[in-house]
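Chemist: Quick one: the structure is below, and I'll ask about it shortly.
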Amino acid sequence: MSIFHLAYTVSDLDSARQFYGELLGCKEGRSSDTWVDFNFFGHQLSLHVGESGYRSNTNSKVDDVSVPMPHFGCVLEWNSFHDLSTRLQSKGLTFIISPSVRFKGLAGEQVTMFFEDFSGNALEFKAYKNPSEVFS
């Protein structure tokens, strides 16, 4: 099994723990005074206190929708995506792009949503109607 490791910056660890731990439900791993690791849906996410190097006002068109660049996230199973989107909506999270269907009726049909963490980092979560089409 291969998992990815992503390390990036957040403004503070308290808000990172609230967002990733409490809101997204990621289990916290090791930490120090300047960083914290999370199990990010089976992957290792290391959040370090500092100035964000990822923030950008750049957008790119995907299926005629302007998406924030850069961004990161995770491809979830169909039901897991819907469970997460329902939980985030019930908590009043502000979406950059609300949960919606992309490429409807085409290869690679998917549901997707974009939002920012409390440090302004853009995230995308998606799920494919047919998981075998993730690279179609």
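Labeling convention for the structure tokens: chains A, B, ... as they appear, residues from 1 per chain, ligands from 1 in order of appearance.
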From a DSSP pass on the backbone, collect the residues of range 5-136 of chain A flagged as helix (DSSP H, G or I) and hand them back as an MDAnalysis selection string.
Modeler: chainID A and resid 13:23 78:90 131:133
Chemist: Those residues you just picked out, can you put them in a file as an mmCIF file, in the first residue's frame with C-alpha atoms?
Modeler:
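The new file result-v4.cif reads:
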```cif
data_model
loop_
_atom_site.group_PDB
_atom_site.id
_atom_site.type_symbol
_atom_site.label_atom_id
_atom_site.label_comp_id
_atom_site.auth_asym_id
_atom_site.auth_seq_id
_atom_site.Cartn_x
_atom_site.Cartn_y
_atom_site.Cartn_z
ATOM 1 C CA LEU A 13 -1.785 24.689 15.460
ATOM 2 C CA ASP A 14 -4.932 25.346 17.512
ATOM 3 C CA SER A 15 -6.996 26.271 14.445
ATOM 4 C CA ALA A 16 -5.387 23.425 12.473
ATOM 5 C CA ARG A 17 -6.421 20.947 15.173
ATOM 6 C CA GLN A 18 -9.939 22.386 15.176
ATOM 7 C CA PHE A 19 -10.275 22.216 11.390
ATOM 8 C CA TYR A 20 -8.546 18.924 10.558
ATOM 9 C CA GLY A 21 -9.209 17.090 13.801
ATOM 10 C CA GLU A 22 -12.646 18.260 14.899
ATOM 11 C CA LEU A 23 -14.301 19.391 11.639
ATOM 12 C CA TRP A 78 -18.882 7.810 -2.929
ATOM 13 C CA ASN A 79 -20.705 7.419 0.409
ATOM 14 C CA SER A 80 -17.787 8.866 2.402
ATOM 15 C CA PHE A 81 -17.875 11.993 0.225
ATOM 16 C CA HIS A 82 -21.591 12.466 0.858
ATOM 17 C CA ASP A 83 -21.191 11.843 4.590
ATOM 18 C CA LEU A 84 -18.404 14.447 4.769
ATOM 19 C CA SER A 85 -20.254 17.018 2.653
ATOM 20 C CA THR A 86 -23.374 16.626 4.803
ATOM 21 C CA ARG A 87 -21.312 17.062 7.998
ATOM 22 C CA LEU A 88 -19.540 20.169 6.641
ATOM 23 C CA GLN A 89 -22.807 21.737 5.487
ATOM 24 C CA SER A 90 -24.423 21.061 8.875
ATOM 25 C CA PRO A 131 -13.952 4.556 -9.180
ATOM 26 C CA SER A 132 -12.219 2.756 -12.057
ATOM 27 C CA GLU A 133 -12.486 6.012 -14.056
#
```
Chemist: Let's see if you can do this: from backbone DSSP, list all strand (DSSP E) residues in chain A, as number ranges by chain.
Modeler: A: 5-10, 27-31, 35-40, 43-49, 58-62, 65-69, 72-75, 95-102, 110-116, 122-128
Chemist: For CA of Ser119 in chain A and CA of Val75 in chain A, determine how far apart the two atoms are, in Å to one decimal place.
Modeler: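 Between CA of Ser119 in chain A and CA of Val75 in chain A the gap works out to 21.7 Å.
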Chemist: I want to know what sits within 10 Å of Gly29 in chain A, based on only C-alpha atoms, with residues of the same chain fewer than 3 positions away left out; could you give that as a ChimeraX atom specification?
Modeler: /A:26,36-39,44-46
Chemist: Can you pull out the residues contacting Ser100 in chain A? Cut-off 9 Å, using only C-alpha atoms, and skip same-chain residues under 3 positions away; I want them as a ChimeraX atom specification.
Modeler: /A:97,110-113
Chemist: Could you list, as number ranges by chain, every residue within 12 Å of Val62 in chain A, counting only C-alpha atoms and ignoring same-chain residues fewer than 5 positions away?
Modeler: A: 67-69, 97, 101-103, 112
Chemist: Print the selection's residues with N, CA and C atoms to a file, as an mmCIF file, in the first residue's frame.
Modeler:
```cif
data_model
loop_
_atom_site.group_PDB
_atom_site.id
_atom_site.type_symbol
_atom_site.label_atom_id
_atom_site.label_comp_id
_atom_site.auth_asym_id
_atom_site.auth_seq_id
_atom_site.Cartn_x
_atom_site.Cartn_y
_atom_site.Cartn_z
ATOM 1 N N VAL A 67 -11.726 26.887 -10.555
ATOM 2 C CA VAL A 67 -11.285 26.235 -9.320
ATOM 3 C C VAL A 67 -10.015 26.900 -8.804
ATOM 4 N N PRO A 68 -9.839 26.978 -7.482
ATOM 5 C CA PRO A 68 -8.658 27.633 -6.922
ATOM 6 C C PRO A 68 -7.390 26.813 -7.166
ATOM 7 N N MET A 69 -6.331 27.516 -7.477
ATOM 8 C CA MET A 69 -5.027 26.894 -7.686
ATOM 9 C C MET A 69 -4.010 27.616 -6.831
ATOM 10 N N ILE A 97 -16.599 26.161 -3.727
ATOM 11 C CA ILE A 97 -17.507 25.513 -4.675
ATOM 12 C C ILE A 97 -18.300 24.482 -3.874
ATOM 13 N N VAL A 101 -21.928 17.998 -9.005
ATOM 14 C CA VAL A 101 -21.524 16.964 -9.957
ATOM 15 C C VAL A 101 -20.736 17.615 -11.092
ATOM 16 N N ARG A 102 -19.657 16.967 -11.460
ATOM 17 C CA ARG A 102 -18.815 17.422 -12.575
ATOM 18 C C ARG A 102 -18.760 16.302 -13.613
ATOM 19 N N PHE A 103 -18.736 16.662 -14.878
ATOM 20 C CA PHE A 103 -18.651 15.716 -16.005
ATOM 21 C C PHE A 103 -19.832 14.744 -16.013
ATOM 22 N N THR A 112 -17.782 16.809 -6.352
ATOM 23 C CA THR A 112 -16.626 17.546 -5.859
ATOM 24 C C THR A 112 -17.075 18.708 -4.988
#
```
Chemist: Let me make sure I understand: among A:Glu109, A:Glu77, A:Glu124, A:Glu51, which one has the smallest atom-to-atom distance to Phe95 in chain A if we use only C-alpha atoms?
Modeler: A:Glu124
Chemist: With distances taken over only C-alpha atoms, which of A:Gly92, A:Gly42, A:Gly108, A:Gly50 is nearest to Cys74 in chain A?
Modeler: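 Smallest distance to Cys74 in chain A is found for A:Gly42.
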Chemist: Between CA of Val65 in chain A and CA of Thr9 in chain A, what is the spacing in Å?
Modeler: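 One can read the CA of Thr9 in chain A to CA of Val65 in chain A distance as 26.9 Å.
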Chemist: Skipping near chain neighbours, those fewer than 3 positions away, what residues fall within 10 Å of Thr34 in chain A using only C-alpha atoms, listed as a ChimeraX atom specification?
Modeler: /A:10,12-13,31,47-50
Chemist: Between A:Phe135, A:Trp35, A:Phe114, A:Phe41, which has the minimum distance to Phe4 in chain A (counting only C-alpha atoms)?
Modeler: A:Phe41
Chemist: Of the candidates A:Phe72, A:Ala107, A:Phe118, A:Ile3, which one gets nearest to Leu93 in chain A if we count only C-alpha atoms?
Modeler: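 Among A:Phe72, A:Ala107, A:Phe118, A:Ile3, it is A:Phe118 that comes nearest to Leu93 in chain A.
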